[in-house]
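Trainee: Below is a structure I'd like to ask you about.
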Amino acid sequence: MGGCAGAGGGTVVGGVVVAMLMLVLDNWLAVGVGYMLIQLLGARLGLSAAALMNASVMAVMLLAVPTYNQEGGWYVLFRTLWHLIGLAIGMLVERLFWYRSALERLHQSEDELIHSLHQCCNGGHARSAEQLIEQYARHCQMRQSALADREQNHLQRDQLIEQALRHAVAMQRVPEGLRVIDQEACRAALVELQALGRP
Amino acid sequence: MTLQHQRPRRALRQAVIARNGVALALLVGAIQFLQLPEGLFLALAVLTVVESNLGGGAIAGRERLFGSLIGLLAVVIASGALQAAPQPLQVFSGLSLVRWSGFALGLSSGYVVGGHMVAGSLLHDSAHWWHYAFWRTVMTLIGVLIGVVLSRQIYSQRATSDWEDNCNLWLLAFAAALLKLAPSASLTMPDSPQVFERLRNQRNQLRQALPQLLAEQSVLEAHNNQALLRAQILLQHGSTVLSCVRDLTALQLKVGQPSSWLEALPVEELIEDGAQVLKRLAAGLPLEPLINKFQPIHAQIEARVAEHISQSADPPRSDRTLVIASRLLLLGDALSELQAASAAR
């Protein structure tokens, strides 16, 4: 949905700015002036980089393509509508044929992470500290989008996963003689996680 | 971010906006004057590259160029080999080819441009698809090249500078957290878990920006990867320092240590020297006067730990003192590596 808002919002802002500018300045100079106005106004409005890009594309499209130029404000409206219809169809196709909820994807990512942590504890083919950190960062990103409202049980699970990960990463880094401390702590966190069960 | 950092950044951003506006106007003027075929795509390719910093622009330009090339290939196959097939089948084949090729080439957004190429050629310009697809690709190539030159030569906004500014703020933030751990700072409140979560997110953002540094090097000096190597070292050892500070905060390092052997460890020295190294790193100051300071501290802690373990009959167990000692060893090691990497710069 973020992409949808970026595409629609940016197109409308850029389109409106340039369509109004075209009333007073209708030549190649208008692209540059329009671009600068969009960037300055967009920054004030707090538009994202993606929305700003869409808005700037509108400046080029409206002023560099004669057919679109003749349509003016109508082109802004039609382009926005087609954008929205296209996004809606895309989302519908995904939902009908390849739909996996964010929570399902989160569970799979969690399973993979726990598997990596078990491998670390059991001394098998373990991932390096950097790889574990990267895997956890991806998992956190997914968790953020999947769980708008975090339940208490999730919070507890997250804490245990993070605890296990800290010890697994430390295991790869501490001197040999002290490794067993983190190994035990990682294992204990994983056992507690298993006992907690999935909500 | 401090006010001192914000001013030059804002001034550079405004200069970049003016540069892009002037360049776009002149390019569109030139395209109209020369009546370049499909010149719109030259302007769009320039815009794609100059919107971001040099590294980000190089990645965006590469995606756009590869996307256009696979789009052209898909159009040629779909229109040539499937000439007799109905148009929906041609479009379906073209779009599928673009998507598969995008996966194979590891494109993250370029396949969208390839899809536009297929749709534009087969649905919009089906009578002159070759003219449209060919000139669109040529104009994209020229646009990407102009964009990279512009982004590199005039008011160049470097991904490396952005990355270093953000990294310096990150280093300063955990230097402050480290200082709060010193036994002499017993009246200062320790940092909350939320502070460390924020620092971890900052670290993750720095990691995500590494491909930009690599792309930037590729358009600057192909043989020089110093900036990228330094960034990786800072991230790797900085992450270790960060997790040690977080663990030592959670272990309440400065709250009365029950074990006499732990009390004798040079904790205060390690923390103060460590914070000094981090601050000097962030300020870009030379580190020679501190060389080898961590190695004796590390050796001292290591000897104490070995002595403690040899005195106990059982293998080491998870008692607080040993975990603290292991994190102090890690901290000393990571600080030493950071110092060595910066001294060798």
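Numbering starts fresh at 1 for the residues of each chain in the structure tokens, the chains themselves are lettered A, B, ... in the order given, and ligands are numbered from 1 as they appear.
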Go through chain A and flag each residue having an atom no more than 7 Å from chain B; for those, report the closest pair of atoms plus their distance in Å to one decimal, using only C-alpha atoms, ordered by chain and rising number, as a Markdown table.

Mentor:
| residue | atom | partner | partner_atom | distance |
| --- | --- | --- | --- | --- |
| A:Trp28 | CA | B:Gly29 | CA | 5.0 |
| A:Leu29 | CA | B:Ala25 | CA | 5.1 |
| A:Val31 | CA | B:Ala25 | CA | 5.3 |
| A:Gly32 | CA | B:Gly21 | CA | 3.9 |
| A:Val33 | CA | B:Gly21 | CA | 6.4 |
| A:Tyr35 | CA | B:Gly21 | CA | 5.6 |
| A:Met36 | CA | B:Gly21 | CA | 5.7 |
| A:Val57 | CA | B:Leu44 | CA | 6.9 |
| A:Ala64 | CA | B:Leu40 | CA | 6.3 |
| A:Ala137 | CA | B:Asn204 | CA | 6.6 |
| A:Val174 | CA | B:Leu330 | CA | 6.0 |
| A:Leu178 | CA | B:Ser326 | CA | 6.6 |
| A:Ile181 | CA | B:Ser318 | CA | 4.9 |

Trainee: Just want the 9 Å neighbourhood of range 110-113 of chain A, counted on only C-alpha atoms, with same-chain residues fewer than 3 positions away dropped. Output as a list in words.

Mentor: Arg105, Leu106, His107, Ser116, Leu117, His118, Leu132, Gln135, Tyr136, His139, Ile161 and Leu165 of chain A

Trainee: Quick one: residues within 12 Å of Gln300 in chain B, only C-alpha atoms, excluding same-chain residues fewer than 5 positions away - as a VMD selection string?

Mentor: chain B and resid 261 to 262 264 to 267 269 to 270 293 to 295 305 to 307 325 328 to 329 332

Trainee: Based on the selection just made, write C-alpha atoms of those residues as a tab-separated table (two decimals), in the first residue's frame.

Mentor:
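What ended up in selection_10.tsv:
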chain	number	residue	atom	x	y	z
B	261	TRP	CA	38.74	-11.09	40.65
B	262	LEU	CA	36.32	-9.10	38.50
B	264	ALA	CA	40.52	-5.98	39.73
B	265	LEU	CA	39.92	-5.82	35.96
B	266	PRO	CA	40.87	-2.52	34.21
B	267	VAL	CA	37.25	-1.74	33.27
B	269	GLU	CA	40.48	2.31	31.52
B	270	LEU	CA	38.94	0.12	28.80
B	293	LYS	CA	46.63	0.58	24.37
B	294	PHE	CA	43.94	-2.08	24.18
B	295	GLN	CA	46.22	-5.05	23.72
B	305	VAL	CA	39.76	-15.08	33.21
B	306	ALA	CA	42.09	-18.01	32.49
B	307	GLU	CA	43.28	-17.95	36.10
B	325	ALA	CA	34.38	-10.88	31.52
B	328	LEU	CA	34.82	-7.10	28.21
B	329	LEU	CA	37.20	-9.31	26.22
B	332	GLY	CA	38.61	-4.83	23.96

Trainee: Could you pull out the helix (DSSP H, G or I) residues of range 84-161 of chain B, going by DSSP on the backbone, and write them as number ranges by chain?

Mentor: B: 87-105, 110-124, 126-153, 159-161

Trainee: Taking 6 positions as the minimum chain separation for residues in the same chain, which residues sit within 9 Å of Arg99 in chain B when counting only C-alpha atoms? Answer as a PDB file with all heavy atoms, in the first residue's frame.

Mentor:
ATOM      1  N   TYR B 111      13.053  -4.617 -14.020  1.00  0.00           N
ATOM      2  CA  TYR B 111      12.118  -5.374 -14.867  1.00  0.00           C
ATOM      3  C   TYR B 111      10.837  -4.590 -15.135  1.00  0.00           C
ATOM      4  O   TYR B 111      10.137  -4.831 -16.117  1.00  0.00           O
ATOM      5  CB  TYR B 111      11.806  -6.745 -14.242  1.00  0.00           C
ATOM      6  CG  TYR B 111      11.080  -6.659 -12.935  1.00  0.00           C
ATOM      7  CD1 TYR B 111       9.701  -6.599 -12.895  1.00  0.00           C
ATOM      8  CD2 TYR B 111      11.784  -6.627 -11.728  1.00  0.00           C
ATOM      9  CE1 TYR B 111       9.035  -6.505 -11.693  1.00  0.00           C
ATOM     10  CE2 TYR B 111      11.132  -6.536 -10.529  1.00  0.00           C
ATOM     11  CZ  TYR B 111       9.762  -6.471 -10.504  1.00  0.00           C
ATOM     12  OH  TYR B 111       9.106  -6.367  -9.329  1.00  0.00           O
ATOM     13  N   VAL B 112      10.536  -3.622 -14.241  1.00  0.00           N
ATOM     14  CA  VAL B 112       9.339  -2.789 -14.454  1.00  0.00           C
ATOM     15  C   VAL B 112       9.527  -1.973 -15.740  1.00  0.00           C
ATOM     16  O   VAL B 112       8.611  -1.856 -16.567  1.00  0.00           O
ATOM     17  CB  VAL B 112       9.105  -1.860 -13.240  1.00  0.00           C
ATOM     18  CG1 VAL B 112       7.914  -0.953 -13.486  1.00  0.00           C
ATOM     19  CG2 VAL B 112       8.881  -2.682 -11.983  1.00  0.00           C
ATOM     20  N   GLY B 114      11.439  -2.820 -18.213  1.00  0.00           N
ATOM     21  CA  GLY B 114      11.325  -3.799 -19.298  1.00  0.00           C
ATOM     22  C   GLY B 114       9.872  -4.059 -19.635  1.00  0.00           C
ATOM     23  O   GLY B 114       9.503  -4.165 -20.816  1.00  0.00           O
ATOM     24  N   GLY B 115       9.027  -4.149 -18.616  1.00  0.00           N
ATOM     25  CA  GLY B 115       7.587  -4.358 -18.818  1.00  0.00           C
ATOM     26  C   GLY B 115       6.968  -3.187 -19.558  1.00  0.00           C
ATOM     27  O   GLY B 115       6.133  -3.376 -20.453  1.00  0.00           O
TER      28      GLY B 115
END

Trainee: Smallest atom-to-atom distance to Leu73 in chain B: which of B:Ala85, B:Val50, B:Ala133, B:Val195, using only C-alpha atoms?

Mentor: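 Checking each candidate against Leu73 in chain B, we get B:Ala133 as the closest.
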
Trainee: Go ahead and compute the interatomic distance for CA of Ser312 in chain B and CA of Asp182 in chain A, in Å to one decimal.

Mentor: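 It comes out at 18.4 Å.
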
Trainee: Quick one: residues within 10 Å of Leu123 in chain B, only C-alpha atoms, excluding same-chain residues fewer than 6 positions away - as number ranges by chain?

Mentor: B: 87-88, 90-91, 117, 129

Trainee: What is the distance between CA of Val24 in chain A and CA of Leu62 in chain A, in Å to one decimal?

Mentor: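 Going from CA of Val24 in chain A over to CA of Leu62 in chain A covers 14.3 Å.
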
Trainee: Point out the residue among A:Tyr75, A:Ile114, A:Gln144, A:Met171 with the least atom-to-atom distance to Ala189 in chain A, counting only C-alpha atoms.

Mentor: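 Counting only C-alpha atoms, the residue closest to Ala189 in chain A is A:Ile114.
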
Trainee: Could you tell me which of B:Asp125, B:Asp191, B:Glu216, B:Glu197 comes closest to Ser156 in chain B if we count only C-alpha atoms?

Mentor: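 Checking each of B:Asp125, B:Asp191, B:Glu216, B:Glu197 against Ser156 in chain B, counting only C-alpha atoms, the winner is B:Glu216.
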